[in-house]
$ cat input_14.cif   # mmCIF, C-alpha atoms
data_protein
#
loop_
_atom_site.label_atom_id
_atom_site.label_comp_id
_atom_site.auth_asym_id
_atom_site.auth_seq_id
_atom_site.Cartn_x
_atom_site.Cartn_y
_atom_site.Cartn_z
CA MET D 1 -71.29 29.19 -71.78
CA GLY D 2 -69.98 28.89 -68.23
CA PHE D 3 -73.16 29.37 -66.23
CA TRP D 4 -72.73 26.72 -63.59
CA LYS D 5 -70.98 26.86 -60.24
CA ARG D 6 -68.33 24.45 -59.07
CA LYS D 7 -69.08 22.21 -56.12
CA LYS D 8 -66.54 21.57 -53.34
CA GLN D 9 -64.92 18.16 -53.22
CA LYS D 10 -65.25 16.19 -50.02
CA ASN D 11 -61.85 15.92 -48.31
CA PHE D 12 -60.07 14.64 -51.45
CA GLU D 13 -56.90 16.67 -51.00
CA GLN D 14 -56.91 15.88 -47.29
CA GLN D 15 -57.05 12.12 -48.01
CA LEU D 16 -54.12 12.22 -50.42
CA GLU D 17 -52.00 14.57 -48.33
CA GLU D 18 -52.51 12.41 -45.23
CA VAL D 19 -51.30 9.31 -47.10
CA ALA D 20 -48.30 11.17 -48.53
CA ALA D 21 -47.40 12.78 -45.20
CA GLU D 22 -47.61 9.46 -43.38
CA GLU D 23 -45.44 7.60 -45.89
CA LEU D 24 -42.88 10.28 -46.72
CA SER D 25 -42.39 11.73 -43.24
CA GLY D 26 -40.88 8.49 -42.01
CA GLY D 27 -38.36 8.47 -44.82
CA GLU D 28 -37.26 12.09 -44.80
CA GLU D 29 -34.04 11.35 -42.95
CA LYS D 30 -33.12 8.71 -45.52
CA VAL D 31 -33.51 11.00 -48.52
CA THR D 32 -29.90 11.97 -48.92
CA ASP D 33 -28.87 11.33 -52.52
CA ASN D 34 -30.09 12.32 -55.96
CA LEU D 35 -31.89 9.00 -56.60
CA GLU D 36 -34.02 9.22 -53.47
CA GLN D 37 -34.74 12.92 -54.03
CA ASN D 38 -35.81 12.07 -57.58
CA ILE D 39 -38.24 9.39 -56.33
CA VAL D 40 -39.75 11.68 -53.68
CA GLY D 41 -40.03 14.49 -56.22
CA ARG D 42 -41.92 12.26 -58.66
CA LEU D 43 -44.28 11.06 -55.93
CA GLU D 44 -45.05 14.64 -54.90
CA GLN D 45 -45.60 15.54 -58.53
CA MET D 46 -48.05 12.63 -59.01
CA ILE D 47 -49.94 13.71 -55.90
CA GLU D 48 -50.28 17.22 -57.31
CA LEU D 49 -51.45 15.87 -60.68
CA THR D 50 -53.99 13.60 -58.96
CA LYS D 51 -55.52 16.65 -57.27
CA GLU D 52 -55.72 18.35 -60.68
CA ILE D 53 -57.51 15.27 -62.09
CA GLU D 54 -60.02 15.18 -59.23
CA GLU D 55 -60.88 18.87 -59.69
CA SER D 56 -61.26 18.41 -63.44
CA LYS D 57 -63.48 15.33 -62.96
CA SER D 58 -65.72 17.24 -60.58
CA GLU D 59 -66.13 20.06 -63.06
CA TYR D 60 -66.62 17.54 -65.88
CA HIS D 61 -69.53 15.87 -64.02
CA ILE D 62 -71.19 19.24 -63.41
CA VAL D 63 -70.93 20.23 -67.08
CA THR D 64 -72.40 16.84 -68.04
CA ALA D 65 -75.30 17.41 -65.64
CA TYR D 66 -76.14 20.69 -67.40
CA LEU D 67 -76.00 19.00 -70.79
CA ASN D 68 -78.45 16.40 -69.45
CA ASP D 69 -80.75 19.23 -68.36
CA ILE D 70 -80.67 20.67 -71.88
CA GLN D 71 -81.58 17.25 -73.31
CA MET D 72 -84.44 16.87 -70.82
CA ILE D 73 -85.84 20.30 -71.74
CA ALA D 74 -85.61 19.48 -75.44
CA GLU D 75 -87.65 16.30 -74.92
CA LEU D 76 -90.56 18.02 -73.11
CA PRO D 77 -94.04 17.56 -74.65
CA GLU D 78 -95.07 20.38 -76.97
CA GLU D 79 -97.72 21.80 -74.62
CA GLU D 80 -95.35 21.91 -71.65
CA HIS D 81 -92.59 23.37 -73.79
CA LYS D 82 -94.96 26.10 -75.01
CA GLN D 83 -95.89 27.02 -71.44
CA LEU D 84 -92.21 27.15 -70.50
CA GLU D 85 -91.46 29.36 -73.51
CA GLU D 86 -94.25 31.81 -72.65
CA ILE D 87 -92.86 32.37 -69.17
CA ALA D 88 -89.30 32.60 -70.51
CA VAL D 89 -90.36 35.27 -73.04
CA ASN D 90 -91.55 37.47 -70.20
CA VAL D 91 -88.29 36.95 -68.32
CA VAL D 92 -86.25 37.80 -71.42
CA GLN D 93 -88.23 40.95 -72.18
CA LEU D 94 -88.11 42.23 -68.62
CA ASN D 95 -84.43 41.42 -68.39
CA ALA D 96 -83.81 43.32 -71.63
CA ALA D 97 -85.59 46.39 -70.27
CA ARG D 98 -83.54 46.32 -67.10
CA THR D 99 -80.29 45.63 -68.93
CA GLU D 100 -80.89 48.49 -71.32
CA PHE D 101 -81.13 50.87 -68.39
CA LEU D 102 -78.12 49.45 -66.62
CA ASN D 103 -76.01 49.51 -69.78
CA SER D 104 -76.87 53.03 -70.81
CA ALA D 105 -73.14 53.89 -70.78
CA LYS D 106 -72.47 50.89 -73.04
CA LYS D 107 -69.19 50.01 -71.37
CA LEU D 108 -70.34 46.40 -71.54
CA SER D 109 -72.32 44.62 -74.21
CA ASP D 110 -75.57 42.90 -73.26
CA ALA D 111 -73.90 39.51 -73.59
CA GLN D 112 -70.98 40.55 -71.35
CA PHE D 113 -73.30 42.04 -68.75
CA ASN D 114 -75.52 38.95 -68.68
CA GLN D 115 -72.55 36.65 -68.37
CA ILE D 116 -71.06 38.58 -65.46
CA GLU D 117 -74.43 38.84 -63.79
CA ARG D 118 -75.07 35.10 -63.80
CA MET D 119 -71.60 34.41 -62.34
CA GLU D 120 -71.49 37.41 -60.02
CA GLU D 121 -70.75 35.47 -56.83
CA GLU D 122 -67.78 33.59 -58.23
CA ILE D 123 -66.13 36.38 -60.24
CA PRO D 124 -64.03 38.11 -57.51
CA ALA D 125 -62.36 34.81 -56.64
CA ALA D 126 -62.16 33.89 -60.34
CA ILE D 127 -60.31 37.15 -61.14
CA LYS D 128 -57.77 36.48 -58.37
CA ARG D 129 -57.31 32.89 -59.52
CA PHE D 130 -57.04 33.95 -63.18
CA SER D 131 -54.45 36.63 -62.36
CA ALA D 132 -52.47 34.28 -60.09
CA ASN D 133 -52.45 31.59 -62.80
CA GLU D 134 -51.17 34.08 -65.39
CA ILE D 135 -48.40 35.27 -63.07
CA TYR D 136 -47.43 31.71 -62.15
CA ARG D 137 -47.50 30.63 -65.81
CA ASP D 138 -45.18 33.51 -66.77
CA THR D 139 -42.87 32.64 -63.89
CA LEU D 140 -42.76 28.99 -64.98
CA ARG D 141 -42.00 30.09 -68.55
CA LYS D 142 -39.01 32.10 -67.28
CA ASP D 143 -37.93 29.15 -65.14
CA MET D 144 -38.01 26.83 -68.17
CA LYS D 145 -35.85 29.25 -70.17
CA TYR D 146 -33.42 29.59 -67.28
CA LEU D 147 -33.16 25.82 -66.81
CA GLU D 148 -32.65 25.36 -70.56
CA ARG D 149 -29.77 27.83 -70.46
CA GLU D 150 -28.33 26.16 -67.39
CA LYS D 151 -28.54 22.73 -69.04
CA SER D 152 -26.80 24.06 -72.17
CA GLU D 153 -24.07 25.66 -70.07
CA TRP D 154 -23.32 22.37 -68.34
CA VAL D 155 -23.20 20.58 -71.70
CA LEU D 156 -20.72 23.14 -73.01
CA ARG D 157 -18.70 22.90 -69.80
CA LYS D 158 -18.41 19.14 -70.17
CA GLU D 159 -17.26 19.46 -73.77
CA TYR D 160 -14.66 22.03 -72.79
CA LEU D 161 -13.31 19.82 -69.98
CA LYS D 162 -13.17 16.77 -72.25
CA ASN D 163 -11.19 18.75 -74.84
CA GLN D 164 -8.89 20.01 -72.12
CA ILE D 165 -8.26 16.45 -70.89
CA SER D 166 -7.46 15.41 -74.45
CA HIS D 167 -4.93 18.26 -74.79
CA LEU D 168 -3.39 17.44 -71.41
CA ARG D 169 -3.03 13.80 -72.38
CA TYR D 170 -1.26 14.86 -75.57
CA LEU D 171 0.98 17.17 -73.53
CA LEU D 172 1.74 14.32 -71.13
CA TYR D 173 2.91 12.14 -74.00
CA ILE D 174 5.16 14.95 -75.18
CA MET D 175 6.63 15.46 -71.72
CA VAL D 176 7.28 11.75 -71.35
CA GLY D 177 9.08 11.82 -74.67
CA VAL D 178 11.14 14.83 -73.59
CA ALA D 179 11.98 13.15 -70.29
CA VAL D 180 13.11 9.97 -72.07
CA THR D 181 15.24 12.00 -74.47
CA ALA D 182 16.84 13.92 -71.60
CA ALA D 183 17.58 10.64 -69.80
CA VAL D 184 19.31 9.26 -72.91
CA VAL D 185 21.45 12.41 -73.24
CA LEU D 186 22.43 12.26 -69.58
CA GLY D 187 23.27 8.58 -69.92
CA ILE D 188 25.58 9.29 -72.87
CA LEU D 189 27.30 12.12 -71.00
CA GLN D 190 27.83 9.92 -67.92
CA PHE D 191 28.73 6.55 -69.35
CA VAL D 192 30.27 7.39 -72.71
CA LEU D 193 31.95 10.72 -72.06
CA GLU D 194 32.44 9.92 -68.36
CA MET D 195 31.18 13.34 -67.26
CA ASP D 196 29.83 14.13 -63.80
CA VAL D 197 26.09 14.68 -64.37
CA PHE D 198 24.82 14.09 -60.84
CA TYR D 199 23.07 17.44 -60.66
CA GLY D 200 21.72 16.89 -64.13
CA TRP D 201 20.09 13.65 -63.00
CA MET D 202 18.67 15.38 -59.92
CA GLY D 203 17.25 18.18 -62.06
CA TRP D 204 15.82 15.67 -64.56
CA ILE D 205 14.11 13.66 -61.82
CA PHE D 206 12.67 16.77 -60.13
CA ALA D 207 11.46 18.41 -63.33
CA THR D 208 9.94 15.19 -64.67
CA ALA D 209 8.14 14.45 -61.41
CA VAL D 210 6.80 18.00 -61.06
CA VAL D 211 5.54 18.30 -64.65
CA ILE D 212 3.96 14.83 -64.83
CA CYS D 213 2.31 15.21 -61.40
CA ALA D 214 0.95 18.64 -62.33
CA ILE D 215 -0.52 17.35 -65.57
CA TYR D 216 -2.00 14.27 -63.87
CA LEU D 217 -3.57 16.28 -61.06
CA LYS D 218 -5.09 18.71 -63.56
CA MET D 219 -6.54 15.83 -65.58
CA GLN D 220 -7.97 14.22 -62.44
CA GLY D 221 -9.50 17.55 -61.42
CA ASP D 222 -11.14 17.84 -64.85
CA VAL D 223 -12.56 14.30 -64.54
CA ASP D 224 -14.11 15.19 -61.17
CA GLU D 225 -15.50 18.43 -62.59
CA ILE D 226 -17.04 16.52 -65.52
CA ALA D 227 -18.82 14.23 -63.06
CA GLN D 228 -20.11 17.25 -61.16
CA ALA D 229 -21.26 18.86 -64.42
CA GLU D 230 -23.09 15.63 -65.34
CA ARG D 231 -24.92 15.63 -62.00
CA SER D 232 -25.82 19.31 -62.39
CA GLN D 233 -27.06 18.71 -65.93
CA ASN D 234 -29.27 15.80 -64.80
CA ARG D 235 -30.66 17.90 -61.97
CA ALA D 236 -31.50 20.69 -64.46
CA ILE D 237 -33.27 18.17 -66.73
CA VAL D 238 -35.38 16.77 -63.85
CA LEU D 239 -36.35 20.28 -62.74
CA GLN D 240 -37.08 21.31 -66.32
CA ASN D 241 -39.45 18.36 -66.83
CA LYS D 242 -41.24 19.11 -63.58
CA VAL D 243 -41.59 22.79 -64.43
CA LYS D 244 -42.81 21.94 -67.94
CA ILE D 245 -45.67 19.82 -66.60
CA LYS D 246 -46.71 22.61 -64.24
CA TYR D 247 -46.47 25.13 -67.09
CA VAL D 248 -48.73 23.05 -69.33
CA ASN D 249 -51.31 22.82 -66.54
CA MET D 250 -51.16 26.57 -65.90
CA GLU D 251 -51.42 27.33 -69.62
CA ASN D 252 -54.46 25.04 -69.84
CA ALA D 253 -56.02 26.73 -66.80
CA VAL D 254 -55.46 30.19 -68.30
CA GLU D 255 -56.83 29.11 -71.68
CA TYR D 256 -59.85 27.55 -70.00
CA ALA D 257 -60.53 30.78 -68.06
CA ARG D 258 -60.29 32.80 -71.27
CA GLU D 259 -62.93 30.65 -72.92
CA LYS D 260 -65.13 30.39 -69.85
CA TYR D 261 -65.26 34.13 -69.20
CA HIS D 262 -64.80 35.27 -72.82
CA VAL D 263 -61.83 37.55 -72.10
CA ASN D 264 -58.24 37.69 -73.28
CA SER D 265 -56.57 38.32 -69.93
CA ALA D 266 -57.15 38.76 -66.22
CA ALA D 267 -56.69 42.52 -66.65
CA GLU D 268 -59.53 42.66 -69.17
CA PHE D 269 -61.67 40.49 -66.90
CA LYS D 270 -61.04 42.84 -63.97
CA GLU D 271 -61.91 45.87 -66.11
CA GLN D 272 -65.21 44.28 -67.15
CA TRP D 273 -65.98 43.49 -63.54
CA GLU D 274 -65.39 47.13 -62.55
CA TYR D 275 -67.69 48.31 -65.35
CA TYR D 276 -70.29 45.85 -64.14
CA LEU D 277 -70.07 47.11 -60.54
CA GLU D 278 -70.61 50.67 -61.78
CA ALA D 279 -73.69 49.56 -63.68
CA VAL D 280 -75.05 47.63 -60.71
CA LYS D 281 -75.03 50.83 -58.64
CA GLU D 282 -77.55 52.21 -61.09
CA ARG D 283 -80.09 49.62 -60.01
CA GLU D 284 -81.18 51.95 -57.26
CA LYS D 285 -82.56 54.29 -59.96
CA TYR D 286 -85.25 51.95 -61.15
CA GLN D 287 -87.87 49.70 -59.58
CA ARG D 288 -90.60 49.55 -62.18
CA THR D 289 -89.77 46.21 -63.77
CA ASN D 290 -88.30 44.37 -60.81
CA ASP D 291 -91.52 43.09 -59.27
CA ASP D 292 -92.80 41.66 -62.55
CA LEU D 293 -89.43 40.16 -63.30
CA ASP D 294 -89.23 38.45 -59.91
CA TYR D 295 -92.71 37.07 -60.43
CA PHE D 296 -91.90 35.47 -63.77
CA LYS D 297 -88.55 34.25 -62.56
CA GLY D 298 -90.30 32.49 -59.70
CA ARG D 299 -92.81 30.90 -62.06
CA LEU D 300 -90.00 29.77 -64.34
CA VAL D 301 -88.02 28.16 -61.53
CA ARG D 302 -91.07 26.44 -60.04
CA LEU D 303 -92.03 25.03 -63.41
CA LEU D 304 -88.52 23.76 -64.14
CA ARG D 305 -88.19 22.16 -60.72
CA GLN D 306 -91.07 19.90 -61.59
CA TYR D 307 -88.79 18.20 -64.13
CA ARG D 308 -86.10 17.48 -61.49
CA LEU D 309 -83.31 19.26 -63.31
CA TYR D 310 -79.82 19.41 -61.87
CA ASP D 311 -80.15 23.18 -61.47
CA ALA D 312 -83.44 24.90 -62.31
CA GLN D 313 -82.32 28.27 -60.93
CA VAL D 314 -79.62 28.76 -63.56
CA TRP D 315 -82.20 29.06 -66.35
CA VAL D 316 -83.37 32.35 -64.91
CA THR D 317 -80.26 33.92 -66.44
CA GLN D 318 -80.45 31.64 -69.47
CA ALA D 319 -84.10 32.28 -70.31
CA ALA D 320 -83.16 33.43 -73.83
CA ALA D 321 -82.01 29.88 -74.57
CA LEU D 322 -85.51 28.61 -73.70
CA VAL D 323 -86.97 30.99 -76.28
CA ASP D 324 -84.39 31.00 -79.08
CA PRO D 325 -83.17 27.58 -80.37
CA LYS D 326 -79.99 29.22 -81.73
CA GLU D 327 -79.17 30.51 -78.27
CA MET D 328 -79.74 27.03 -76.84
CA VAL D 329 -77.38 25.61 -79.46
CA GLU D 330 -74.74 28.14 -78.38
CA VAL D 331 -75.19 27.17 -74.73
CA LYS D 332 -74.88 23.48 -75.58
CA HIS D 333 -71.88 24.05 -77.84
CA GLY D 334 -70.11 26.01 -75.12
CA LEU D 335 -70.68 23.23 -72.59
CA ILE D 336 -69.53 20.54 -75.02
CA SER D 337 -66.39 22.53 -75.82
CA ARG D 338 -65.61 22.97 -72.15
CA ARG D 339 -66.21 19.28 -71.44
CA GLN D 340 -63.79 18.34 -74.24
CA LYS D 341 -61.15 20.61 -72.77
CA LEU D 342 -61.69 19.10 -69.32
CA ARG D 343 -61.42 15.61 -70.81
CA GLY D 344 -58.19 16.64 -72.51
CA ARG D 345 -56.79 17.97 -69.22
CA ILE D 346 -57.75 14.75 -67.44
CA GLU D 347 -56.20 12.54 -70.16
CA TYR D 348 -53.02 14.63 -70.25
CA ASN D 349 -52.54 14.43 -66.49
CA MET D 350 -53.39 10.70 -66.47
CA ASN D 351 -50.75 10.08 -69.16
CA VAL D 352 -48.19 12.07 -67.19
CA ILE D 353 -49.01 10.09 -64.03
CA ARG D 354 -48.60 6.82 -65.94
CA GLU D 355 -45.23 7.96 -67.30
CA GLN D 356 -44.10 9.19 -63.89
CA LYS D 357 -45.28 5.94 -62.26
CA LYS D 358 -43.36 3.87 -64.80
CA GLU D 359 -40.20 5.91 -64.26
CA THR D 360 -40.68 5.75 -60.48
CA GLU D 361 -40.97 1.95 -60.65
CA GLU D 362 -37.68 1.86 -62.56
CA LEU D 363 -36.01 4.10 -59.98
CA LEU D 364 -37.38 1.99 -57.11
CA GLY D 365 -35.47 -0.93 -58.57
CA LYS D 366 -32.33 0.97 -57.51
CA ALA D 367 -33.74 2.03 -54.13
CA GLU D 368 -35.57 -1.00 -52.74
CA HIS D 369 -35.63 0.44 -49.20
CA MET D 370 -38.10 3.09 -50.43
CA ARG D 371 -40.46 0.66 -52.20
CA PRO D 372 -42.94 -0.03 -49.32
CA GLN D 373 -43.65 3.66 -48.67
CA ALA D 374 -43.66 4.53 -52.37
CA GLU D 375 -46.00 1.69 -53.35
CA HIS D 376 -48.43 2.71 -50.62
CA ILE D 377 -48.56 6.21 -52.08
CA LEU D 378 -48.83 4.89 -55.65
CA ASP D 379 -51.77 2.67 -54.64
CA ALA D 380 -53.49 5.67 -53.03
CA ILE D 381 -52.91 7.73 -56.19
CA ASP D 382 -54.41 4.94 -58.33
CA ARG D 383 -57.50 4.69 -56.14
CA LEU D 384 -58.09 8.43 -55.96
CA SER D 385 -57.33 9.28 -59.58
CA GLU D 386 -59.38 6.43 -61.05
CA GLY D 387 -62.27 6.67 -58.60
#

$ encode --input "input_14.cif" --output "structure tokens"
Amino acid sequence: MGFWKRKKQKNFEQQLEEVAAEELSGGEEKVTDNLEQNIVGRLEQMIELTKEIEESKSEYHIVTAYLNDIQMIAELPEEEHKQLEEIAVNVVQLNAARTEFLNSAKKLSDAQFNQIERMEEEIPAAIKRFSANEIYRDTLRKDMKYLEREKSEWVLRKEYLKNQISHLRYLLYIMVGVAVTAAVVLGILQFVLEMDVFYGWMGWIFATAVVICAIYLKMQGDVDEIAQAERSQNRAIVLQNKVKIKYVNMENAVEYAREKYHVNSAAEFKEQWEYYLEAVKEREKYQRTNDDLDYFKGRLVRLLRQYRLYDAQVWVTQAAALVDPKEMVEVKHGLISRRQKLRGRIEYNMNVIREQKKETEELLGKAEHMRPQAEHILDAIDRLSEG
């Protein structure tokens, strides 16, 4: 149901960035060819994925803590549970009266209003993050299409050059045959018919040399261009794989935000937030229920704190779940669903890191001078991603 707040991680990104900066800064001057650039790119990518894993783990632990709270509430003795329910009923009823007034325009449903209210502090930043993720995802999608076209163009270019080399080779054979034939004719004219064919020989030598050299140089130029096309194609493939991983992460982040905030897009989320702000202004028009509501909210929080929950305060906005078992099931289901998605994100990124690490190890076999710095970073990634 998305009612908890994320906690800041203690210097995780700083730890990883310091290790990477220390190890890679010393080798920047050495990174001059495609192999070394590929290794550095993969290391940077693994660092970025490790940060994603750490953030997902943090959120995963918080969701688990709320599920533990639900289990603890469910296991309360009947008498204590009844007392808790009585207080929660008052909170729900008073909240309903206030919400009815605030939602008189009905631009938001009760469920939407309650959801925005309980996450009010985080929503402005969440809208910006949601919108930025959508924009970045769309940009990455365009980049993938562009790189796919570029890769295809280089493939076609290579095929064209190979066909051209084949035709030039065939033409070279023909010209050699013509040159041999011309030499035979000149030989007959000179030695059999005793004709003066000095200029003929000069013309034959010049023409043969010019044509054969021109064909050879063109073929050599095509070979060089094929090599360049191969390098460009490989570069496009590396970039495409990197962009694809980022796109998957952005798509997962956008999908997660949709489920967490129950909206289809950042634009819809922003519109709901604006409706909510309009409704909040109406709070100044009523005071009758606020004092009673604050009283019962305080009683509810004090009672829940006795059970040492992870977050007793959050149940003020989830009081309906303490009264209605179906609502509690919905809350639990939402948390379980979100935890599964977080687990999926963690497993996906861990698999990508393992694949990237394996490929990096293979590349390091061709660049042994980079192994000490790279292995230091890989060890740091292992410690931080598995910790």

$ atom_distance --input "input_14.cif" --atom1 "CA of Arg383 (chain D)" --atom2 "CA of Glu44 (chain D)"
16.0 Å

$ resolve_selection --input "input_14.cif" --expression "the PyMOL selection byres ((chain D and resi 46) around 8)" --output "PyMOL selection string"
chain D and resi 42-45+47-50+353+356-357+381

$ closest_residue --input "input_14.cif" --among "D:Glu251, D:Ala111, D:Ser166, D:Glu230" --to "Ser152 (chain D)" --atoms "all atoms listed in the file"
D:Glu230

$ atom_distance --input "input_14.cif" --atom1 "CA of Leu147 (chain D)" --atom2 "CA of Ser232 (chain D)"
10.8 Å

$ residues_around --input "input_14.cif" --residues "Val211 (chain D)" --least-positions-apart "5" --cutoff "9 Å" --atoms "only C-alpha atoms" --output "list in words"
Leu172, Met175, Phe206 and Tyr216 of chain D

$ atom_distance --input "input_14.cif" --atom1 "CA of Glu255 (chain D)" --atom2 "CA of Ala236 (chain D)"
27.7 Å

$ residues_around --input "input_14.cif" --residues "Lys246 (chain D)" --least-positions-apart "6" --cutoff "12 Å" --atoms "all atoms listed in the file" --output "PDB file with C-alpha atoms, in the coordinates of the input"
ATOM      1  CA  GLN D  45     -45.600  15.540 -58.530  1.00  0.00           C
ATOM      2  CA  MET D  46     -48.050  12.630 -59.010  1.00  0.00           C
ATOM      3  CA  GLU D  48     -50.280  17.220 -57.310  1.00  0.00           C
ATOM      4  CA  LEU D  49     -51.450  15.870 -60.680  1.00  0.00           C
ATOM      5  CA  GLU D  52     -55.720  18.350 -60.680  1.00  0.00           C
ATOM      6  CA  ASN D 133     -52.450  31.590 -62.800  1.00  0.00           C
ATOM      7  CA  TYR D 136     -47.430  31.710 -62.150  1.00  0.00           C
ATOM      8  CA  ARG D 137     -47.500  30.630 -65.810  1.00  0.00           C
ATOM      9  CA  ASP D 138     -45.180  33.510 -66.770  1.00  0.00           C
ATOM     10  CA  THR D 139     -42.870  32.640 -63.890  1.00  0.00           C
ATOM     11  CA  LEU D 140     -42.760  28.990 -64.980  1.00  0.00           C
ATOM     12  CA  ARG D 141     -42.000  30.090 -68.550  1.00  0.00           C
ATOM     13  CA  ASP D 143     -37.930  29.150 -65.140  1.00  0.00           C
ATOM     14  CA  MET D 144     -38.010  26.830 -68.170  1.00  0.00           C
ATOM     15  CA  LEU D 239     -36.350  20.280 -62.740  1.00  0.00           C
ATOM     16  CA  GLN D 240     -37.080  21.310 -66.320  1.00  0.00           C
ATOM     17  CA  ASN D 252     -54.460  25.040 -69.840  1.00  0.00           C
ATOM     18  CA  ALA D 253     -56.020  26.730 -66.800  1.00  0.00           C
ATOM     19  CA  TYR D 348     -53.020  14.630 -70.250  1.00  0.00           C
ATOM     20  CA  ASN D 349     -52.540  14.430 -66.490  1.00  0.00           C
ATOM     21  CA  VAL D 352     -48.190  12.070 -67.190  1.00  0.00           C
TER      22      VAL D 352
END

$ residues_around --input "input_14.cif" --residues "region 327-336 of chain D" --least-positions-apart "5" --cutoff "12 Å" --atoms "only C-alpha atoms" --output "PyMOL selection string"
chain D and resi 1-4+59-71+73-74+111+115+256+259-262+315+317-322+341-343

$ axis_aligned_box --input "input_14.cif" --around "region 136-153 of chain D" --padding-each-side "5 Å" --output "lines of an AutoDock Vina configuration file"
center_x = -35.8
center_y = 28.1
center_z = -67.2
size_x = 33.4
size_y = 20.8
size_z = 20.0

$ closest_residue --input "input_14.cif" --among "D:Ala229, D:Ile123, D:Ala266, D:Ala209" --to "Tyr160 (chain D)" --atoms "only C-alpha atoms"
D:Ala229

$ resolve_selection --input "input_14.cif" --expression "the PyMOL selection byres ((chain D and resi 84) around 12)" --output "PyMOL selection string"
chain D and resi 73-74+76-83+85-91+296-297+299-307+315-316+319-323

$ resolve_selection --input "input_14.cif" --expression "the PyMOL selection byres ((chain D and resi 126-130) around 7)" --output "number ranges by chain"
D: 122-125, 131-134, 254, 257, 266, 269-270

$ closest_residue --input "input_14.cif" --among "D:Ile116, D:Leu293, D:Ile135, D:Val223" --to "Gln93 (chain D)" --atoms "only C-alpha atoms"
D:Leu293

$ closest_residue --input "input_14.cif" --among "D:Val184, D:Ala207, D:Ala267, D:Leu161" --to "Gly221 (chain D)" --atoms "all atoms listed in the file"
D:Leu161

$ residues_around --input "input_14.cif" --residues "Asp222 (chain D)" --least-positions-apart "5" --cutoff "9 Å" --atoms "all atoms listed in the file" --output "PDB file with C-alpha atoms, in the frame of the given file"
ATOM      1  CA  LEU D 161     -13.310  19.820 -69.980  1.00  0.00           C
ATOM      2  CA  LYS D 162     -13.170  16.770 -72.250  1.00  0.00           C
ATOM      3  CA  GLN D 164      -8.890  20.010 -72.120  1.00  0.00           C
ATOM      4  CA  ILE D 165      -8.260  16.450 -70.890  1.00  0.00           C
ATOM      5  CA  LEU D 217      -3.570  16.280 -61.060  1.00  0.00           C
ATOM      6  CA  ALA D 227     -18.820  14.230 -63.060  1.00  0.00           C
TER       7      ALA D 227
END

$ residues_around --input "input_14.cif" --residues "Leu363 (chain D)" --least-positions-apart "2" --cutoff "9 Å" --atoms "all atoms listed in the file" --output "VMD selection string"
chain D and resid 35 to 36 38 to 39 358 to 361 365 to 368

$ closest_residue --input "input_14.cif" --among "D:Arg98, D:Ala183, D:Lys326, D:Gly41" --to "Lys242 (chain D)" --atoms "only C-alpha atoms"
D:Gly41

$ closest_residue --input "input_14.cif" --among "D:Met350, D:Ile205, D:Ile215, D:Val155" --to "Gln233 (chain D)" --atoms "all atoms listed in the file"
D:Val155

$ residues_near_point --input "input_14.cif" --point "(-72.1, 45.2, -62.4)" --cutoff "12 Å" --atoms "all atoms listed in the file" --output "PyMOL selection string"
chain D and resi 99+102-103+107-110+112-121+123-124+270-283

$ decode --input "input_14.cif" --residues "region 302-320 of chain D" --atoms "C-alpha atoms" --output "PDB file, in the first residue's frame"
ATOM      1  CA  ARG D 302       0.622   5.426  22.513  1.00  0.00           C
ATOM      2  CA  LEU D 303      -1.080   2.050  22.627  1.00  0.00           C
ATOM      3  CA  LEU D 304       0.782   0.744  19.577  1.00  0.00           C
ATOM      4  CA  ARG D 305       4.135   1.945  20.893  1.00  0.00           C
ATOM      5  CA  GLN D 306       3.733  -0.386  23.816  1.00  0.00           C
ATOM      6  CA  TYR D 307       4.159  -3.294  21.379  1.00  0.00           C
ATOM      7  CA  ARG D 308       7.491  -1.914  20.061  1.00  0.00           C
ATOM      8  CA  LEU D 309       6.420  -1.782  16.439  1.00  0.00           C
ATOM      9  CA  TYR D 310       8.785  -0.576  13.754  1.00  0.00           C
ATOM     10  CA  ASP D 311       6.533   2.430  13.122  1.00  0.00           C
ATOM     11  CA  ALA D 312       3.467   2.992  15.311  1.00  0.00           C
ATOM     12  CA  GLN D 313       2.733   6.423  13.839  1.00  0.00           C
ATOM     13  CA  VAL D 314       1.909   5.059  10.380  1.00  0.00           C
ATOM     14  CA  TRP D 315      -1.202   3.277  11.670  1.00  0.00           C
ATOM     15  CA  VAL D 316      -2.850   6.628  12.291  1.00  0.00           C
ATOM     16  CA  THR D 317      -3.464   6.818   8.544  1.00  0.00           C
ATOM     17  CA  GLN D 318      -4.063   3.067   8.321  1.00  0.00           C
ATOM     18  CA  ALA D 319      -6.604   2.846  11.137  1.00  0.00           C
ATOM     19  CA  ALA D 320      -9.175   1.289   8.783  1.00  0.00           C
TER      20      ALA D 320
END
